[in-house]
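Source file: structure_7.csv. Holds: CSV, C-alpha atoms.
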```csv
chain,number,residue,atom,x,y,z
Z,1,MET,CA,17.7,-28.8,-3.0
Z,2,LYS,CA,20.2,-26.1,-4.1
Z,3,ILE,CA,19.2,-22.7,-2.7
Z,4,LEU,CA,20.6,-19.2,-2.9
Z,5,VAL,CA,19.8,-16.7,-0.1
Z,6,ILE,CA,20.5,-13.2,-1.4
Z,7,GLY,CA,21.2,-10.7,1.4
Z,8,SER,CA,22.3,-13.5,3.7
Z,9,THR,CA,24.3,-11.3,6.1
Z,10,GLY,CA,21.3,-9.1,7.0
Z,11,LEU,CA,18.9,-9.5,9.8
Z,12,ILE,CA,16.2,-11.4,7.9
Z,13,GLY,CA,18.7,-13.1,5.5
Z,14,SER,CA,20.7,-14.7,8.2
Z,15,TYR,CA,17.6,-16.3,9.7
Z,16,VAL,CA,16.3,-17.4,6.3
Z,17,GLU,CA,19.7,-19.1,5.6
Z,18,LYS,CA,19.5,-21.0,8.9
Z,19,ALA,CA,15.9,-22.0,8.3
Z,20,LEU,CA,16.6,-23.3,4.8
Z,21,ALA,CA,19.7,-25.3,5.8
Z,22,PRO,CA,17.9,-28.5,6.5
Z,23,LEU,CA,16.4,-28.5,3.0
Z,24,GLY,CA,19.7,-29.0,1.2
Z,25,GLU,CA,22.7,-27.0,-0.1
Z,26,VAL,CA,22.3,-23.3,0.8
Z,27,ILE,CA,24.7,-20.6,-0.4
Z,28,GLY,CA,24.4,-17.3,1.4
Z,29,ILE,CA,25.3,-14.4,-0.8
Z,30,SER,CA,25.7,-10.7,0.0
Z,31,ARG,CA,28.1,-7.9,-0.8
Z,32,SER,CA,30.6,-9.4,1.6
Z,33,THR,CA,30.5,-13.1,1.0
Z,34,PRO,CA,32.9,-15.2,-1.0
Z,35,ILE,CA,30.4,-15.3,-3.9
Z,36,SER,CA,29.3,-11.7,-3.7
Z,37,VAL,CA,26.7,-9.6,-5.5
Z,38,ASP,CA,25.8,-5.9,-5.8
Z,39,VAL,CA,22.0,-6.0,-6.5
Z,40,ASN,CA,22.2,-2.5,-8.0
Z,41,SER,CA,24.3,-3.9,-10.9
Z,42,PRO,CA,22.9,-6.3,-13.5
Z,43,GLU,CA,26.5,-7.2,-14.4
Z,44,SER,CA,27.2,-8.2,-10.8
Z,45,ILE,CA,24.0,-10.3,-10.7
Z,46,ALA,CA,24.9,-12.0,-13.9
Z,47,ALA,CA,28.4,-12.7,-12.7
Z,48,MET,CA,27.0,-14.2,-9.4
Z,49,TYR,CA,24.7,-16.6,-11.3
Z,50,GLN,CA,27.7,-17.6,-13.5
Z,51,THR,CA,29.8,-18.3,-10.5
Z,52,VAL,CA,27.1,-20.3,-8.8
Z,53,SER,CA,26.4,-22.3,-11.9
Z,54,LYS,CA,30.1,-23.3,-12.2
Z,55,LYS,CA,30.1,-24.3,-8.6
Z,56,MET,CA,26.7,-26.2,-8.3
Z,57,GLY,CA,25.0,-26.3,-11.6
Z,58,LYS,CA,21.4,-25.2,-11.9
Z,59,ILE,CA,19.6,-24.1,-8.7
Z,60,ASP,CA,16.2,-25.0,-7.2
Z,61,ALA,CA,15.4,-21.8,-5.4
Z,62,VAL,CA,16.4,-18.2,-4.8
Z,63,ALA,CA,15.3,-16.4,-1.6
Z,64,SER,CA,15.8,-12.7,-1.8
Z,65,CYS,CA,16.2,-10.8,1.5
Z,66,ILE,CA,17.4,-7.5,0.1
Z,67,GLY,CA,16.3,-3.9,0.0
Z,68,LYS,CA,17.5,-0.6,1.3
Z,69,VAL,CA,15.2,2.4,1.2
Z,70,ALA,CA,15.3,5.9,2.8
Z,71,PHE,CA,12.9,6.6,5.7
Z,72,LYS,CA,12.2,10.4,5.6
Z,73,THR,CA,9.2,12.6,5.5
Z,74,ILE,CA,7.9,13.2,2.0
Z,75,GLU,CA,9.0,16.8,2.2
Z,76,ASN,CA,12.6,15.7,2.9
Z,77,LEU,CA,12.8,12.9,0.2
Z,78,SER,CA,14.7,13.7,-2.9
Z,79,TYR,CA,14.3,12.3,-6.4
Z,80,ASP,CA,17.5,10.3,-5.8
Z,81,ASP,CA,16.0,8.8,-2.6
Z,82,TYR,CA,13.2,7.4,-4.6
Z,83,VAL,CA,15.4,6.2,-7.4
Z,84,LYS,CA,17.9,4.5,-5.0
Z,85,GLY,CA,15.1,2.8,-3.1
Z,86,LEU,CA,13.5,1.5,-6.3
Z,87,MET,CA,16.8,0.4,-7.7
Z,88,ASP,CA,17.9,-1.4,-4.6
Z,89,LYS,CA,14.7,-3.0,-3.3
Z,90,ALA,CA,12.6,-3.3,-6.4
Z,91,MET,CA,14.8,-3.5,-9.5
Z,92,GLY,CA,17.5,-5.5,-7.7
Z,93,GLN,CA,14.9,-8.2,-7.0
Z,94,VAL,CA,13.4,-7.9,-10.5
Z,95,GLU,CA,16.9,-8.5,-12.0
Z,96,LEU,CA,17.5,-11.5,-9.7
Z,97,VAL,CA,14.5,-13.1,-11.3
Z,98,ARG,CA,15.1,-11.9,-14.9
Z,99,ALA,CA,18.7,-13.0,-14.9
Z,100,GLY,CA,18.1,-16.1,-12.8
Z,101,ILE,CA,15.5,-17.8,-15.0
Z,102,GLU,CA,18.1,-19.6,-17.2
Z,103,PHE,CA,19.9,-20.9,-14.1
Z,104,MET,CA,16.8,-22.2,-12.4
Z,105,ASN,CA,15.7,-25.8,-12.6
Z,106,ASP,CA,12.3,-26.6,-13.9
Z,107,GLY,CA,9.7,-26.2,-11.1
Z,108,GLY,CA,12.2,-24.0,-9.2
Z,109,SER,CA,11.1,-21.0,-7.0
Z,110,PHE,CA,11.9,-17.4,-6.5
Z,111,THR,CA,10.8,-15.9,-3.2
Z,112,LEU,CA,11.0,-12.1,-3.0
Z,113,MET,CA,10.9,-9.8,0.0
Z,114,THR,CA,8.3,-7.0,0.2
Z,115,GLY,CA,6.9,-5.5,3.4
Z,116,VAL,CA,3.8,-4.5,5.2
Z,117,LEU,CA,4.2,-0.9,4.0
Z,118,ALA,CA,2.9,-1.9,0.6
Z,119,ARG,CA,-0.5,-2.1,2.1
Z,120,ASN,CA,-0.2,-0.2,5.4
Z,121,PRO,CA,1.8,2.9,4.9
Z,122,ILE,CA,3.4,4.9,7.7
Z,123,PRO,CA,4.8,8.4,7.9
Z,124,THR,CA,8.4,8.4,6.5
Z,125,GLY,CA,7.7,5.1,4.7
Z,126,THR,CA,6.8,6.5,1.3
Z,127,VAL,CA,9.8,5.0,-0.6
Z,128,ALA,CA,9.4,1.6,1.2
Z,129,SER,CA,5.7,1.6,0.2
Z,130,LEU,CA,6.5,2.4,-3.4
Z,131,ALA,CA,9.2,-0.3,-3.7
Z,132,ASN,CA,7.2,-2.9,-1.9
Z,133,GLY,CA,4.1,-2.3,-4.0
Z,134,ALA,CA,6.3,-2.6,-7.2
Z,135,ILE,CA,7.6,-6.0,-6.1
Z,136,GLU,CA,4.1,-7.2,-5.3
Z,137,SER,CA,2.8,-6.1,-8.7
Z,138,PHE,CA,5.8,-7.6,-10.5
Z,139,THR,CA,5.4,-10.9,-8.7
Z,140,LYS,CA,1.7,-11.2,-9.8
Z,141,ALA,CA,2.6,-10.4,-13.4
Z,142,ALA,CA,5.7,-12.6,-13.5
Z,143,ALA,CA,3.8,-15.6,-12.0
Z,144,ILE,CA,1.7,-15.9,-15.2
Z,145,GLU,CA,4.7,-15.7,-17.5
Z,146,LEU,CA,7.6,-17.7,-15.9
Z,147,PRO,CA,8.5,-20.7,-18.0
Z,148,ARG,CA,9.0,-24.4,-17.1
Z,149,LYS,CA,6.7,-24.3,-14.0
Z,150,ILE,CA,9.1,-21.9,-12.2
Z,151,ARG,CA,7.2,-20.3,-9.3
Z,152,ILE,CA,7.4,-16.9,-7.8
Z,153,ASN,CA,6.1,-15.7,-4.4
Z,154,THR,CA,6.5,-12.7,-2.1
Z,155,VAL,CA,6.9,-12.7,1.7
Z,156,SER,CA,6.1,-9.6,3.7
Z,157,PRO,CA,7.6,-9.4,7.2
Z,158,SER,CA,5.8,-7.6,9.9
Z,159,VAL,CA,7.7,-5.7,12.6
Z,160,LEU,CA,11.3,-6.6,13.1
Z,161,VAL,CA,13.0,-6.1,16.5
Z,162,ARG,CA,16.7,-5.6,16.8
Z,163,SER,CA,18.1,-4.2,20.0
Z,164,GLU,CA,20.7,-4.9,22.7
Z,165,GLU,CA,18.4,-7.3,24.5
Z,166,HIS,CA,17.4,-9.1,21.2
Z,167,THR,CA,20.7,-9.0,19.4
Z,168,SER,CA,20.0,-10.2,15.8
Z,169,GLU,CA,16.8,-11.8,17.0
Z,170,LEU,CA,14.1,-11.9,14.4
Z,171,GLN,CA,10.6,-11.3,15.8
Z,172,SER,CA,8.8,-12.2,12.6
Z,173,GLN,CA,9.3,-15.9,12.6
Z,174,SER,CA,6.0,-16.6,10.7
Z,175,THR,CA,7.6,-14.8,7.7
Z,176,ILE,CA,10.5,-17.2,7.6
Z,177,SER,CA,8.3,-20.2,8.0
Z,178,TYR,CA,6.2,-19.0,5.0
Z,179,ALA,CA,9.4,-18.4,3.0
Z,180,VAL,CA,10.5,-22.0,3.7
Z,181,PHE,CA,7.0,-23.2,2.7
Z,182,CYS,CA,7.2,-21.3,-0.6
Z,183,LEU,CA,10.5,-22.8,-1.4
Z,184,LYS,CA,9.6,-26.4,-0.5
Z,185,LYS,CA,6.2,-26.5,-2.3
Z,186,LYS,CA,6.4,-28.0,-5.8
```
Will you turn the file into structure tokens for me?
Amino acid sequence: MKILVIGSTGLIGSYVEKALAPLGEVIGISRSTPISVDVNSPESIAAMYQTVSKKMGKIDAVASCIGKVAFKTIENLSYDDYVKGLMDKAMGQVELVRAGIEFMNDGGSFTLMTGVLARNPIPTGTVASLANGAIESFTKAAAIELPRKIRINTVSPSVLVRSEEHTSELQSQSTISYAVFCLKKK
């Protein structure tokens, strides 16, 4: 299997990359990796896929572990906070799928990252809830349209813990296990 992990230098992405390594060739991609991507730029996403295609041909899976959103009270959120959150977390993943279809092998898989806040909002989580809900709705709609038996799924991590005593330790292991399952299932 040839797998891209987008956001591979983040907390979740680094664990997803390690978990997928036994399945085949995994390329971790982020803003700071040799093959890099800015998910806020359709041109950057297209260039990433072109570079990967030259290196390894068509791919079997993309696991997206991206998304930055503002956590502020609704009274302190600006229009730009909403736009930036939607562009980074939601539209970045939409574009990974849209632009990636031609580079995906038949029966391949896109796995996108949402979050529990799509269904269980918290104070200061308005932008995250909006972006996560958008990804979940997009995934349902895209699933019935993707060509060539290409699949699409979402995973939704629960609480993540990162502290001095748990440096870079992911406390939502079931999410990663499910992400691996989604990518392996054909």
For this session: Find the spatial neighbours of stretch 129-135 of chain Z, counting all atoms listed in the file, within a cut-off of 9 Å - ignore same-chain residues fewer than 3 positions away - and output them as a ChimeraX atom specification.
Result: /Z:67,69,82,85-91,93-94,112-122,125-126,138-140,154,156
For this session: Counting all atoms listed in the file, figure out which residue out of Z:Arg151, Z:Ile66, Z:Val83, Z:Phe103 gets nearest to Z:Thr51.
Result: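 Checking each candidate against Z:Thr51, we get Z:Phe103 as the closest.
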Can you tell me, as an mmCIF file with C-alpha atoms, in the coordinates of the input, what residues are no more than 12 Å from Z:Ser109 when counting only C-alpha atoms, ignoring any on the same chain fewer than 3 positions away?
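That gives us selection.cif:
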```cif
data_model
loop_
_atom_site.group_PDB
_atom_site.id
_atom_site.type_symbol
_atom_site.label_atom_id
_atom_site.label_comp_id
_atom_site.auth_asym_id
_atom_site.auth_seq_id
_atom_site.Cartn_x
_atom_site.Cartn_y
_atom_site.Cartn_z
ATOM 1 C CA MET Z 1 17.700 -28.800 -3.000
ATOM 2 C CA LYS Z 2 20.200 -26.100 -4.100
ATOM 3 C CA ILE Z 3 19.200 -22.700 -2.700
ATOM 4 C CA LEU Z 4 20.600 -19.200 -2.900
ATOM 5 C CA VAL Z 5 19.800 -16.700 -0.100
ATOM 6 C CA ILE Z 59 19.600 -24.100 -8.700
ATOM 7 C CA ASP Z 60 16.200 -25.000 -7.200
ATOM 8 C CA ALA Z 61 15.400 -21.800 -5.400
ATOM 9 C CA VAL Z 62 16.400 -18.200 -4.800
ATOM 10 C CA ALA Z 63 15.300 -16.400 -1.600
ATOM 11 C CA SER Z 64 15.800 -12.700 -1.800
ATOM 12 C CA LEU Z 96 17.500 -11.500 -9.700
ATOM 13 C CA VAL Z 97 14.500 -13.100 -11.300
ATOM 14 C CA GLY Z 100 18.100 -16.100 -12.800
ATOM 15 C CA ILE Z 101 15.500 -17.800 -15.000
ATOM 16 C CA PHE Z 103 19.900 -20.900 -14.100
ATOM 17 C CA MET Z 104 16.800 -22.200 -12.400
ATOM 18 C CA ASN Z 105 15.700 -25.800 -12.600
ATOM 19 C CA ASP Z 106 12.300 -26.600 -13.900
ATOM 20 C CA LEU Z 112 11.000 -12.100 -3.000
ATOM 21 C CA THR Z 139 5.400 -10.900 -8.700
ATOM 22 C CA ALA Z 142 5.700 -12.600 -13.500
ATOM 23 C CA ALA Z 143 3.800 -15.600 -12.000
ATOM 24 C CA LEU Z 146 7.600 -17.700 -15.900
ATOM 25 C CA PRO Z 147 8.500 -20.700 -18.000
ATOM 26 C CA ARG Z 148 9.000 -24.400 -17.100
ATOM 27 C CA LYS Z 149 6.700 -24.300 -14.000
ATOM 28 C CA ILE Z 150 9.100 -21.900 -12.200
ATOM 29 C CA ARG Z 151 7.200 -20.300 -9.300
ATOM 30 C CA ILE Z 152 7.400 -16.900 -7.800
ATOM 31 C CA ASN Z 153 6.100 -15.700 -4.400
ATOM 32 C CA THR Z 154 6.500 -12.700 -2.100
ATOM 33 C CA ALA Z 179 9.400 -18.400 3.000
ATOM 34 C CA VAL Z 180 10.500 -22.000 3.700
ATOM 35 C CA PHE Z 181 7.000 -23.200 2.700
ATOM 36 C CA CYS Z 182 7.200 -21.300 -0.600
ATOM 37 C CA LEU Z 183 10.500 -22.800 -1.400
ATOM 38 C CA LYS Z 184 9.600 -26.400 -0.500
ATOM 39 C CA LYS Z 185 6.200 -26.500 -2.300
ATOM 40 C CA LYS Z 186 6.400 -28.000 -5.800
#
```
Problem set entry | Computed interatomic separation between atom CA of Z:Ser137 and atom CA of Z:Val16 (Å) | 23.1 Å
Exercise. In Å, with one decimal, what is the gap from atom CA of Z:Met56 to atom CA of Z:Val155?
Worked result: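 Atom CA of Z:Val155 lies 26.0 Å from atom CA of Z:Met56.
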Exercise. If you measure from atom CA of Z:Thr124 to atom CA of Z:Ile74, what distance in Å do you get, rounded to one decimal?
Worked result: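 Straight-line distance from atom CA of Z:Thr124 to atom CA of Z:Ile74 works out to 6.6 Å.
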For this session: Skip Z:Ala47 itself and residues of its chain fewer than 4 positions away, then list as a VMD selection string all residues within 10 Å of it, counting only C-alpha atoms.
Result: chain Z and resid 35 to 37 41 to 43 51 to 53 99
